[in-house]
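Each remark here refers to the structure printed beneath this line.
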Amino acid sequence: MKFNIERERLIRPLSQIAGVVERRQTLPILGNVYMRLEEGSLTLIGTDLETEVTARIDGIDGEPGECTVGARKLYDICRSIPEDMDVEVSTKDSKTLVRSQKSRFTLQSLPAAEFPRLEAEEWDVEFGIGQEDLKNLLEKTAFAMAQQDVRYYLNGCLLECDADAIRSVATDGHRLAKSEIAFKTGVENTSQSVVPRKAVLELMRFLQEDQQARVQINPNHARVHGSGWVFTTKLIDGRFPDYQKVIPDSLATHLLMDRATMHDVLSRIAILTNEKFRGVRINLKPGVMTVSANNPEQEEAVDELPVDYEGQEVEIGFNVGYLIDALKAIETEEVDLGLEDPNSSCTLHAPGDPSTLYLVMPMRL
């Protein structure tokens, strides 16, 4: 195989693939990118056996062939080459030669025939959606995914599709984020798929504005087609919790708060919390909300916000980080804060728009 290509055309697909390829691999070939030149098209593939990225670059002249070479090494080499330069890639025996002007790099190759692929041919669900819509849907919930939880089905994001809407739901057992968009999917029966955490975070890097994506789902895999790339991931084999049961039908108190002001108050109070204990106390009295925190060094922080409230005094403890994350994800100037009692979760969402909702479990302080 031999071809010549502009640096800028090669560096973007390599950056996408490098994000999927793990630095430490059980199989050496998983650290490589597969490259194949055929009929003027250059195909690049990277995988970690759970997620696979395929990129295609058309209009490439050269000698057909295939090889695999270290993905991150090739990416770093291309980044180091000055802009507006061409890159020549050629293979011979078990070596791959990369040239640009007077720079020359000889890299070790592994047999292309040994490169593993994710095989998924039949799809039960298939629909088109704007990439920006899909990215916004994932961004509004991804932060609530669990990390390395023994309940493995929480280490990802639920993607639920029915005939009229697409929903994204994530929870780590202490908080929950749900967002949906009204969309005619053409799906007859409700479909639920749990997409792994790494796949969700990597996919968001691919999605761009003003472009369409095609989504395909079957019981074991999900695939997203974009312009010049295909993203495939295995799905988590597990039953996601019934999120509808934990979302309260109604709460006794709903307060309209200025989102930026509440975010600033919580951020100030959070200064005197620590990584092990992130609890803050919210005390609600007629006309005022008091937010306070203590730490093991016997230090204390207290701040107040004026609120339109005339009910009985309520005091609830929450993880301040969870509240701040939810406020960051809400884009409106005001936020609807729903409260009940010290043993009930609170909800946050944009006023009059429950399509995106955040739920935070209380803490005992």
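The chains in the structure tokens are called A, B, ... from first to last as shown; in each chain the residues are counted from 1, and the ligands are counted from 1 in the order shown.
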
Need to verify the contact set: Gln244 in chain A, 12 Å, only C-alpha atoms, exclusion of same-chain residues closer than 4 positions in sequence. Can you return it as a PyMOL selection string?
chain A and resi 169+176-178+240+248-249+357+359

How about saving the chosen residues, C-alpha atoms kept, as a short mmCIF file (atom, residue, chain, number, x, y, z; two decimals), in the first residue's frame?
```cif
data_model
loop_
_atom_site.label_atom_id
_atom_site.label_comp_id
_atom_site.auth_asym_id
_atom_site.auth_seq_id
_atom_site.Cartn_x
_atom_site.Cartn_y
_atom_site.Cartn_z
CA VAL A 169 -31.74 8.81 30.98
CA LEU A 176 -31.07 11.09 37.88
CA ALA A 177 -31.09 13.07 34.64
CA LYS A 178 -33.80 12.66 31.99
CA PHE A 240 -31.96 -0.34 33.36
CA PRO A 248 -42.36 12.08 41.87
CA ASP A 249 -45.76 12.80 40.38
CA LEU A 357 -35.66 17.00 34.41
CA LEU A 359 -33.66 14.61 40.34
#
```

Counting only C-alpha atoms, what is within 8 Å of range 314-325 of chain A, bar same-chain residues fewer than 3 positions away, as JSON, numbers by chain?
{"A": [143, 175, 263, 266, 267, 270, 278, 279, 280, 281, 282, 283, 284, 285, 328, 329, 341, 342, 343, 360, 361, 362, 363, 364, 365]}

Which residues are near Gln216 in chain A? Cut-off 8 Å, only C-alpha atoms, ignore same chain within fewer than 4 positions. Put them as a list of chain:residue names.
A:Trp123, A:Asp124, A:Val125, A:Glu126, A:Phe127, A:Ala222, A:Arg223, A:Val224

For the residues selected in the previous step, produce a file with C-alpha atoms as a PDB file, in the first residue's frame.
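Listed below is the output, selection.pdb:
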```pdb
ATOM      1  CA  TRP A 123     -30.925  -3.760  12.878  1.00  0.00           C
ATOM      2  CA  ASP A 124     -34.285  -3.665  14.695  1.00  0.00           C
ATOM      3  CA  VAL A 125     -34.472   0.131  15.025  1.00  0.00           C
ATOM      4  CA  GLU A 126     -33.332   2.667  12.446  1.00  0.00           C
ATOM      5  CA  PHE A 127     -34.032   6.396  12.116  1.00  0.00           C
ATOM      6  CA  ALA A 222     -25.801   0.573  18.372  1.00  0.00           C
ATOM      7  CA  ARG A 223     -24.399   2.297  15.302  1.00  0.00           C
ATOM      8  CA  VAL A 224     -24.379   5.970  14.299  1.00  0.00           C
TER       9      VAL A 224
END
```

Do a neighbour search on His225 in chain A at 6 Å with only C-alpha atoms, toss out local chain neighbours closer than 2 positions, and write the hits as a list of chain:residue names.
A:Ala213, A:Arg214, A:Val230

Enumerate, as an MDAnalysis selection string, the complete set of residues in range 236-308 of chain A that a backbone-based DSSP assignment places in alpha helix (DSSP H).
chainID A and resid 243:246 259:270

With only C-alpha atoms as the atoms that count, which of A:Ile77, A:Leu339, A:Ala170, A:Val307 lies nearest to Asp258 in chain A?
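Distance minimum relative to Asp258 in chain A lands on A:Val307.
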
If we count only C-alpha atoms, what is near Arg104 in chain A at a cut-off of 10 Å, once residues fewer than 5 positions away on the same chain are taken out, given as a list in words?
Ile77, Glu88, Leu97, Val98 and Arg99 of chain A

Counting only C-alpha atoms, which of A:Gln298, A:Thr332, A:Ser250, A:Asn220 gets nearest to Glu50 in chain A?
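The answer is A:Asn220, which sits nearest to Glu50 in chain A.
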
Dump as a Markdown table the rows for residues of range 60-152 of chain A within 7 Å of range 14-28 of chain A: closest atom pair and distance in Å with one decimal, only C-alpha atoms counted, ordered by chain and rising residue number.
```
| residue | atom | partner | partner_atom | distance |
| --- | --- | --- | --- | --- |
| A:Ala71 | CA | A:Ala18 | CA | 6.0 |
| A:Arg72 | CA | A:Ala18 | CA | 5.8 |
| A:Tyr75 | CA | A:Leu14 | CA | 5.7 |
```

Could you tell me, as a ChimeraX atom specification, which residues of range 38-240 of chain A DSSP assigns to strand (DSSP E or B) when given the backbone?
/A:38,41-47,51-58,62-63,65-70,86-92,95-100,103-110,125-130,156-161,165-171,175-182,191-196,212-217,221-226,229-234

Excluding range 55-66 of chain A and residues on its chain fewer than 6 positions from it, collect all residues at most 6 Å away from it, counting only C-alpha atoms, and give them as a PyMOL selection string.
chain A and resi 1-3+13+35-38+40-44+228-229

Take the residues from that selection and write them out as a CSV table (one decimal), in the first residue's frame, keeping C-alpha atoms.
```csv
chain,number,residue,atom,x,y,z
A,1,MET,CA,0.0,0.0,0.0
A,2,LYS,CA,1.2,3.5,-0.8
A,3,PHE,CA,-0.6,6.8,-0.9
A,13,PRO,CA,-10.1,10.9,11.5
A,35,MET,CA,-5.8,1.3,7.1
A,36,ARG,CA,-7.1,0.1,3.7
A,37,LEU,CA,-6.8,1.9,0.4
A,38,GLU,CA,-9.2,0.6,-2.2
A,40,GLY,CA,-9.6,5.6,-4.4
A,41,SER,CA,-11.0,5.5,-0.8
A,42,LEU,CA,-8.9,5.3,2.4
A,43,THR,CA,-10.7,3.5,5.2
A,44,LEU,CA,-9.3,3.9,8.8
A,228,GLY,CA,-17.4,10.3,6.6
A,229,TRP,CA,-17.5,8.2,9.8
```
